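Data block for query32.cif (mmCIF, C-alpha atoms):
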```
data_work
#
loop_
_atom_site.group_PDB
_atom_site.id
_atom_site.type_symbol
_atom_site.label_atom_id
_atom_site.label_comp_id
_atom_site.auth_asym_id
_atom_site.auth_seq_id
_atom_site.Cartn_x
_atom_site.Cartn_y
_atom_site.Cartn_z
ATOM 1 C CA ASN L 1 -12.233 -13.022 -3.467
ATOM 2 C CA GLU L 2 -11.396 -15.999 -5.708
ATOM 3 C CA SER L 3 -8.635 -14.293 -7.672
ATOM 4 C CA ASN L 4 -6.321 -14.275 -4.619
ATOM 5 C CA SER L 5 -6.578 -17.980 -3.742
ATOM 6 C CA LYS L 6 -3.674 -20.195 -4.713
ATOM 7 C CA LYS L 7 -3.342 -23.925 -4.947
ATOM 8 C CA ILE L 8 -0.229 -25.762 -3.681
ATOM 9 C CA THR L 9 0.607 -29.276 -4.829
ATOM 10 C CA ILE L 10 3.531 -31.255 -3.384
ATOM 11 C CA ASP L 11 4.937 -33.654 -5.924
ATOM 12 C CA GLN L 12 7.992 -34.996 -4.074
ATOM 13 C CA GLN L 13 8.702 -35.302 -0.406
ATOM 14 C CA LYS L 14 12.315 -34.203 -0.284
ATOM 15 C CA GLY L 15 14.196 -34.829 2.935
ATOM 16 C CA ARG L 16 11.766 -37.463 4.185
ATOM 17 C CA LEU L 17 12.770 -41.036 4.973
ATOM 18 C CA SER L 18 11.457 -43.879 2.865
ATOM 19 C CA GLU L 19 9.979 -46.997 4.459
ATOM 20 C CA GLU L 20 13.173 -48.847 3.517
ATOM 21 C CA ASP L 21 15.313 -46.244 5.288
ATOM 22 C CA ILE L 22 13.172 -46.478 8.419
ATOM 23 C CA GLU L 23 13.294 -50.298 8.441
ATOM 24 C CA SER L 24 17.067 -50.217 7.963
ATOM 25 C CA MET L 25 17.485 -47.778 10.844
ATOM 26 C CA LEU L 26 15.286 -49.876 13.148
ATOM 27 C CA LYS L 27 17.226 -53.040 12.282
ATOM 28 C CA LYS L 28 20.535 -51.289 12.988
ATOM 29 C CA ALA L 29 19.201 -49.925 16.294
ATOM 30 C CA LYS L 30 18.197 -53.440 17.417
ATOM 31 C CA GLU L 31 21.662 -54.772 16.557
ATOM 32 C CA MET L 32 23.298 -51.940 18.465
ATOM 33 C CA GLU L 33 21.004 -52.511 21.451
ATOM 34 C CA LYS L 34 22.254 -56.095 21.731
ATOM 35 C CA GLU L 35 25.845 -54.917 21.351
ATOM 36 C CA ASP L 36 25.318 -52.252 24.021
ATOM 37 C CA GLY L 37 23.887 -54.844 26.401
ATOM 38 C CA GLU L 38 26.936 -57.038 25.904
ATOM 39 C CA LYS L 39 29.242 -54.076 26.535
ATOM 40 C CA VAL L 40 27.390 -53.166 29.727
ATOM 41 C CA ALA L 41 27.636 -56.773 30.948
ATOM 42 C CA ALA L 42 31.376 -56.824 30.192
ATOM 43 C CA ILE L 43 31.963 -53.511 31.987
ATOM 44 C CA ASN L 44 30.003 -54.730 35.014
ATOM 45 C CA ALA L 45 31.999 -57.980 35.090
ATOM 46 C CA LYS L 46 35.285 -56.058 34.810
ATOM 47 C CA ASN L 47 34.304 -53.647 37.594
ATOM 48 C CA SER L 48 33.117 -56.519 39.753
ATOM 49 C CA LEU L 49 36.431 -58.358 39.316
ATOM 50 C CA GLU L 50 38.443 -55.240 40.117
ATOM 51 C CA GLY L 51 36.389 -54.563 43.236
ATOM 52 C CA LEU L 52 36.747 -58.172 44.300
ATOM 53 C CA LEU L 53 40.533 -58.046 43.980
ATOM 54 C CA PHE L 54 40.824 -54.967 46.173
ATOM 55 C CA GLN L 55 38.368 -56.421 48.673
ATOM 56 C CA ILE L 56 40.388 -59.642 48.957
ATOM 57 C CA LYS L 57 43.652 -57.737 49.383
ATOM 58 C CA ASN L 58 42.127 -55.542 52.099
ATOM 59 C CA GLN L 59 40.665 -58.564 53.845
ATOM 60 C CA VAL L 60 44.060 -60.264 53.930
ATOM 61 C CA ASP L 61 45.752 -57.060 55.115
ATOM 62 C CA ASP L 62 43.152 -56.631 57.859
ATOM 63 C CA ALA L 63 43.623 -60.256 58.972
ATOM 64 C CA GLY L 64 47.137 -59.509 60.214
ATOM 65 C CA ASP L 65 48.449 -62.449 62.249
ATOM 66 C CA LYS L 66 45.336 -64.546 61.612
ATOM 67 C CA ILE L 67 46.734 -65.581 58.237
ATOM 68 C CA LYS L 68 50.009 -67.326 57.437
ATOM 69 C CA ASP L 69 52.589 -65.191 55.619
ATOM 70 C CA THR L 70 52.778 -67.736 52.804
ATOM 71 C CA ASP L 71 48.993 -67.615 52.335
ATOM 72 C CA ALA L 72 48.972 -63.811 52.425
ATOM 73 C CA GLU L 73 51.754 -63.692 49.816
ATOM 74 C CA LYS L 74 49.897 -66.177 47.600
ATOM 75 C CA VAL L 75 46.695 -64.087 47.761
ATOM 76 C CA HIS L 76 48.545 -60.822 47.103
ATOM 77 C CA LYS L 77 50.442 -62.360 44.186
ATOM 78 C CA THR L 78 47.217 -63.731 42.699
ATOM 79 C CA CYS L 79 45.434 -60.385 43.064
ATOM 80 C CA ASP L 80 48.373 -58.360 41.720
ATOM 81 C CA GLU L 81 48.676 -60.631 38.675
ATOM 82 C CA ALA L 82 44.927 -60.349 38.059
ATOM 83 C CA LEU L 83 45.128 -56.537 38.350
ATOM 84 C CA GLN L 84 47.977 -56.498 35.802
ATOM 85 C CA TRP L 85 45.880 -58.703 33.534
ATOM 86 C CA LEU L 86 42.975 -56.271 33.923
ATOM 87 C CA ASP L 87 45.196 -53.333 32.970
ATOM 88 C CA SER L 88 46.139 -55.024 29.714
ATOM 89 C CA HIS L 89 42.640 -56.407 28.980
ATOM 90 C CA GLN L 90 40.332 -53.404 29.220
ATOM 91 C CA SER L 91 38.025 -54.380 26.347
ATOM 92 C CA GLU L 92 37.345 -58.071 26.871
ATOM 93 C CA LYS L 93 33.993 -59.807 26.688
ATOM 94 C CA LYS L 94 32.132 -60.712 29.873
ATOM 95 C CA ALA L 95 33.207 -64.366 29.623
ATOM 96 C CA ALA L 96 36.902 -63.426 29.894
ATOM 97 C CA TYR L 97 36.319 -61.426 33.092
ATOM 98 C CA ASP L 98 34.148 -64.222 34.502
ATOM 99 C CA LYS L 99 36.904 -66.748 33.767
ATOM 100 C CA LYS L 100 39.505 -64.582 35.517
ATOM 101 C CA THR L 101 37.160 -64.140 38.496
ATOM 102 C CA LYS L 102 36.815 -67.944 38.798
ATOM 103 C CA GLU L 103 40.604 -68.345 38.663
ATOM 104 C CA VAL L 104 41.025 -65.857 41.514
ATOM 105 C CA GLN L 105 38.240 -67.510 43.515
ATOM 106 C CA THR L 106 39.775 -70.957 43.069
ATOM 107 C CA ILE L 107 43.045 -69.793 44.607
ATOM 108 C CA CYS L 108 41.791 -67.310 47.211
ATOM 109 C CA THR L 109 38.591 -68.853 48.597
ATOM 110 C CA PRO L 110 40.263 -71.752 50.486
ATOM 111 C CA ILE L 111 42.726 -69.329 52.081
ATOM 112 C CA LEU L 112 40.047 -66.815 53.044
ATOM 113 C CA GLN L 113 37.872 -69.568 54.497
ATOM 114 C CA LYS L 114 40.664 -70.362 56.962
ATOM 115 C CA LEU L 115 40.044 -66.938 58.465
ATOM 116 C CA GLY L 116 36.608 -68.125 59.524
ATOM 117 C CA GLY L 117 33.623 -65.886 60.186
ATOM 118 C CA GLY L 118 33.764 -63.262 57.498
ATOM 119 C CA GLY L 119 36.386 -65.079 55.455
ATOM 120 C CA GLN L 120 34.279 -65.154 52.315
ATOM 121 C CA PRO L 121 34.590 -62.044 50.155
ATOM 122 C CA ASN L 122 31.780 -60.635 48.079
ATOM 123 C CA PHE L 123 32.417 -62.649 44.912
ATOM 124 C CA GLY L 124 30.846 -61.304 41.744
ATOM 125 C CA GLY L 125 29.381 -58.221 43.373
ATOM 126 C CA GLN L 126 26.618 -60.147 45.085
ATOM 127 C CA GLN L 127 25.835 -59.218 48.650
ATOM 128 C CA GLN L 128 26.219 -62.125 51.010
ATOM 129 C CA GLN L 129 24.278 -61.626 54.178
ATOM 130 C CA LYS L 130 24.155 -63.857 57.203
ATOM 131 C CA GLN L 131 20.620 -64.817 57.988
ATOM 132 C CA GLN L 132 19.575 -63.223 61.196
ATOM 133 C CA PRO L 133 16.478 -64.186 63.066
ATOM 134 C CA LYS L 134 13.582 -61.982 62.133
ATOM 135 C CA LYS L 135 12.737 -59.463 64.744
ATOM 136 C CA THR L 136 9.071 -59.226 65.418
ATOM 137 C CA GLU L 137 8.072 -55.665 65.225
ATOM 138 C CA THR L 138 5.816 -54.537 68.020
ATOM 139 C CA LYS L 139 3.623 -51.579 67.458
ATOM 140 C CA PRO L 140 2.174 -49.623 70.328
ATOM 141 C CA GLU L 141 -1.485 -50.161 70.908
ATOM 142 C CA PHE L 142 -3.752 -47.258 71.460
ATOM 143 C CA GLU L 143 -7.128 -47.362 73.106
ATOM 144 C CA ASP L 144 -9.934 -45.142 72.035
ATOM 145 C CA LEU L 145 -10.340 -42.537 74.683
ATOM 146 C CA ASP L 146 -13.316 -40.302 75.048
ATOM 147 C CA VAL L 147 -12.032 -36.880 75.834
ATOM 148 C CA ASP L 148 -14.679 -34.405 76.908
#
```
Do you think you could lay out the structure here as structure tokens?
Amino acid sequence: NESNSKKITIDQQKGRLSEEDIESMLKKAKEMEKEDGEKVAAINAKNSLEGLLFQIKNQVDDAGDKIKDTDAEKVHKTCDEALQWLDSHQSEKKAAYDKKTKEVQTICTPILQKLGGGGQPNFGGQQQQKQQPKKTETKPEFEDLDVD
């Protein structure tokens, strides 16, 4: 029945993105990806510094009489000042947090090393593990048994 067939022709593609629009969006996405990576790095550095400060303070508090009062006060003052700095610098770049971390380390590391043993805090969020001798794992040996 040919009289009922209709022909549809699309002249314009309304609502569709042009090649230029797509390229522009891809370029913007790549720029934002770099920006996002920098923000993630800054947030990680900030969180690492904050964790470090609390870890140092706890370590000094736990040391009790093993640390001189003057050293303990110096560490607490350094950490408290760094925490105040953090409160007023919530949106810094990674480099600023790294610089502050180094400042804290420069002051606190020599004092913490006097504690001996575990006197080194986890600087920069990296796990420091003492090397322990490898334990050789022994597995039980089984013999083939004929069971009748």
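Nearest residue to L:Thr101 among L:Thr70, L:Gln55, L:Gln84, L:Ser48 is L:Ser48, counting only C-alpha atoms.
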Give as a count of residues only the set of residues within 10 Å of the point (48.7, -63.6, 46.6), where distances use the file's coordinates and all atoms listed in the file. 21
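Applied to the file shown here, the PyMOL selection byres ((chain L and resi 36-44) around 8) selects Met32, Glu33, Lys34, Glu35, Ala45, Lys46, Asn47, Ser48, Glu92, Lys93, Lys94, Ala95 and Tyr97 of chain L.
The shortest atom-to-atom distance to L:Gly51, with all atoms listed in the file taken into account, belongs to L:Leu86 out of L:Ile8, L:Leu86, L:Ala63, L:Ala29.
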To one decimal place, how far is atom CA of L:Gln59 from atom CA of L:Ser91 in Å? 27.9 Å
State, in Å with one decimal place, the distance from atom CA of L:Lys68 to atom CA of L:Gln113. 12.7 Å
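From atom CA of L:Glu31 back to atom CA of L:Ala96, the distance works out to 22.0 Å.
Distances from L:Leu49, L:Leu112, L:Leu26, L:Leu83 to L:Asp98 were compared using only C-alpha atoms, and the smallest one belongs to L:Leu49.
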